[in-house]
Every structure is written in structure tokens, then in C-alpha cells.
Amino acid sequence: MDSSQPGTLHSVLDFAPSISLGRWLLHISLFALTLLTTTMFGAAFALAFHQRVPLDSDWLVNVALRAATTPSLLAGGLPFSLTLLTILFAHEMGHYVTCMRYRIDASLPYFLPAPTLIGTLGAFIRIRSPIYTRRALFDVGIAGPIAGFVLIIPALAIGMAMSHVTPGLLRQGDIAFGVPLLLRGCEALFFPGVRPEDVYLHPMALAAWVGMLATALNLLPIGQLDGGHILYSVIGERHKLLSRIFVVALVVLGRVTNNWTWYIMAGLLLLFALRHPVIFDTHPLDRSRIILAWCALLMLVLCFTPSPIR
């Protein structure tokens with residue numbers, strides 16, 4: 001392909017928009033704050049892991065706050081925070097680089113620090129210009145989940161190799177993490193015959209778990225989520241009806257599992273991300289992208305858990 005055509009490294013670098021100093025400072029500040037908050041909670045997870053303490057929310061919050069002023073304690077949270085932020089960064093840069101490839105105006109990733117038990121609400125990029133073709137929409141939508149998933153696999157394997165078995169201990173805490181199929185398969189490989197609730201995840205494996213949760217949520221085939229982009233690029237306007245059906249399914253899932261996560265997710269989607277911009281492109285996707293769409297569904301199945309956090 002000629003270097004002047006869209007899709008080459010030259011065209012990607014040439015189209016990358018200039019960013020003001022103030023915007024750079026905003027991106028860097030948000031990333032630094034997210035690194036701090038995730039490292040604080042990572043320190044709490046690390047201390048609980050090494051001391052074999054049950055996961056109690058009050059205890060974790062207290063240790064996380066203490067870690068903010070204790071450098072030696074804070075350093076222990078880096079395996080969790082660096083692993084998690086690397087996965088999130090890869091996901092968002094997958095979107096960003098693909099946008100640049102198609103000359104779609106998009107921002108660099110915005111990281112979201114938050115006082116949650118993982119220290120963040122994730123990250124996002126802002127797409128500022130229209131997407132005109134199904135091919136471009138599909139590629140932008142699927143690039144992020146693939147990039148993040150590629151890093152989740154080694155992080156999970158390394159973290160699982162450092163995890164240990166603690167029969168009955170985790171059931172004493174007030175926090176329990178769901179077990180997606182990918183995690184269950186990895187546990188069966190490293191700890192055959194051991195029940196999932198008896199495997200105490202190393203902070204790096206826990207960061208991979210958060211990456212799986214983020215991947216599954218993004219791949220839900222609803223609205224303007226990554227999965228919604230993929231679904232729209234495959235079936236077009238029928239996406240609207242299916243998005244609403246899947247939102248109702250989230251409410252039902254929340255009711256069945258008695259898990260508030262799905263109520264919040266359904267509410268946010270209804271308010272902010274259910275409607276999808278119309279793309280006037282009738283050309284169907286090629287065979288390779290249809291195969292990738294099925295791969296996206298497989299990633300969703302592997303990373304999804306009906307009750308993420310109790």
C-alpha cells in the first residue's frame with residue numbers, strides 16, 4: 001500500500017491532531033490521579049493477600065487511605081495498578097490508533113480516578129467527528145477490546161501463578177468477586193480440583209479480573225458501547241430494537257442475581273448511551289470482519305460474569 005493512503009503508519013502519524021499544553025496537562029493529571037487511587041487500593045489488596053486477610057470493605061478502605069501517606073505500603077500496590085492501567089491504556093489506544101487510521105478526530109484517553117474498591121471508573125476516548133462507514137465503525141469498536149484482551153491473558157496467567165489456595169478464608173469477608181469462564185479455566189489449569197472461592201487471587205490476577213469486567217461491559221451489544229458499535233456495523237438499524245431488549249435483559253439479570261451493578265448499568269445506558277448515530281452505508285462487512293464479530297462474542301462470553309461483585 002502506498003504510504004500516502006489511509007491505514008499506513010505514515011498516515012496515522014500525519015493525521016494525529018495537535019494537542020494544546022492545557023489538554024496534555026489534563027490527560028496527564030487524570031492519569032496520575034488514577035495511578036494514585038488504583039495504587040492505594042492495590043496496596044490494600046496486596047496487604048490482604050500477603051497476610052491472608054479476608055476481603056472486608058471497611059478494612060480495605062482504611063488500608064487504602066493509610067497507604068496514601070505510607071510510601072512503603074503504597075509501593076506494594078503497584079503490581080495491581082500498573083497491570084490494570086496498562087490493560088485500560090491498551091484498550092483505549094486500540095480505539096485511538098484505529099480512529100487515526102481512518103482520520104477520525106478523537107481524543108487521547110481520559111482516565112477516571114474514583115473512590116471505588118478498585119480506584120477507578122475506567123477510561124474513555126472522545127470521538128469528535130462522524131464515522132461514515134460500517135467498516136470504520138466496526139474496526140474502531142473492536143480494536144479496543146482486542147488490544148485489552150491480548151494483555152489480559154498474560155497478566156492473568158502470571159497473577160494466577162502467584163496466587164494461593166486458602167480454603168474457607170474468602171467466605172469470611174464481605175466482598176466476593178464473580179468468576180468468569182476465562183478465570184475459571186485459568187484456575188482449573190493452575191489449581192485443579194480447587195473450588196473458585198478457595199483461590200486467593202494475587203493483585204496482578206485481580207487487575208486482570210478488573211480488565212475482564214471492563215471488557216465484558218464494553219462488549220455488551222447495546223447503544224454506543226463497543227459491542228453496540230460492532231452490532232450496528234453488522235445488522236444496521238435493527239440494532240435499535242436489540243439494544244432496548246438487552247437493556248431490559250440487564251434489569252432482569254439484576255433482579256435474578258440481586259446485584260445492583262446491572263440496575264446502574266441499565267440506567268446509565270438509558271440516560272447517556274442508548275441511541276446510536278445513524279450511518280448511511282449499506283455495504284455489508286467482509287468475511288474476515290464477520291469472523292472477528294464472532295470473536296468479540298466469544299470474548300464477551302469468556303469475560304462475563306452474572307454477578308461481578310457482591
# chains A, B, ... in the order shown; residues from 1 in each chain; ligands from 1
>>> closest_atom_pairs(of="region 38-100 of chain A", to="region 218-228 of chain A", cutoff="12 Å", atoms="only C-alpha atoms", output="CSV")
residue,atom,partner,partner_atom,distance
A:Leu88,CA,A:Asn218,CA,11.5
A:His91,CA,A:Asn218,CA,10.2
A:Glu92,CA,A:Asp226,CA,10.9
A:Gly94,CA,A:Asp226,CA,11.6
A:His95,CA,A:Asp226,CA,9.5
>>> write_last_selection(atoms="C-alpha atoms", output="PDB file, in the first residue's frame")
ATOM      1  CA  LEU A  88      -7.063   0.021  30.182  1.00  0.00           C
ATOM      2  CA  HIS A  91      -7.899  -0.822  25.225  1.00  0.00           C
ATOM      3  CA  GLU A  92      -8.304   2.910  24.696  1.00  0.00           C
ATOM      4  CA  GLY A  94      -6.676   0.460  20.304  1.00  0.00           C
ATOM      5  CA  HIS A  95      -9.634   2.761  19.669  1.00  0.00           C
TER       6      HIS A  95
END
>>> closest_atom_pairs(of="region 24-89 of chain A", to="region 103-112 of chain A", cutoff="10 Å", atoms="only C-alpha atoms", output="Markdown table")
| residue | atom | partner | partner_atom | distance |
| --- | --- | --- | --- | --- |
| A:Trp24 | CA | A:Leu108 | CA | 9.0 |
| A:Leu26 | CA | A:Tyr110 | CA | 8.4 |
| A:His27 | CA | A:Tyr110 | CA | 5.9 |
| A:Ile28 | CA | A:Tyr110 | CA | 8.8 |
| A:Ser29 | CA | A:Phe111 | CA | 9.0 |
| A:Leu30 | CA | A:Phe111 | CA | 5.5 |
| A:Phe31 | CA | A:Phe111 | CA | 5.4 |
| A:Ala32 | CA | A:Phe111 | CA | 8.8 |
| A:Leu33 | CA | A:Leu112 | CA | 8.2 |
| A:Thr34 | CA | A:Leu112 | CA | 6.2 |
| A:Leu35 | CA | A:Phe111 | CA | 9.1 |
| A:Thr37 | CA | A:Leu112 | CA | 9.8 |
| A:Leu85 | CA | A:Phe111 | CA | 8.9 |
| A:Leu88 | CA | A:Phe111 | CA | 8.7 |
| A:Phe89 | CA | A:Pro109 | CA | 7.4 |
>>> select_by_dssp(residues="region 2-135 of chain A", states="strand (DSSP E or B)", output="count of residues only")
11
>>> residues_around(residues="Ile291 (chain A)", least_positions_apart="5", cutoff="12 Å", atoms="only C-alpha atoms", output="list in words")
Phe138, Ile142, Ile230, Val234, Leu285, Asp286, Ala296, Leu297 and Leu298 of chain A
>>> residues_around(residues="region 204-211 of chain A", least_positions_apart="4", cutoff="7 Å", atoms="only C-alpha atoms", output="NGL selection string")
:A and (79-80 or 83-84 or 87 or 152 or 155-156 or 159-160 or 215)
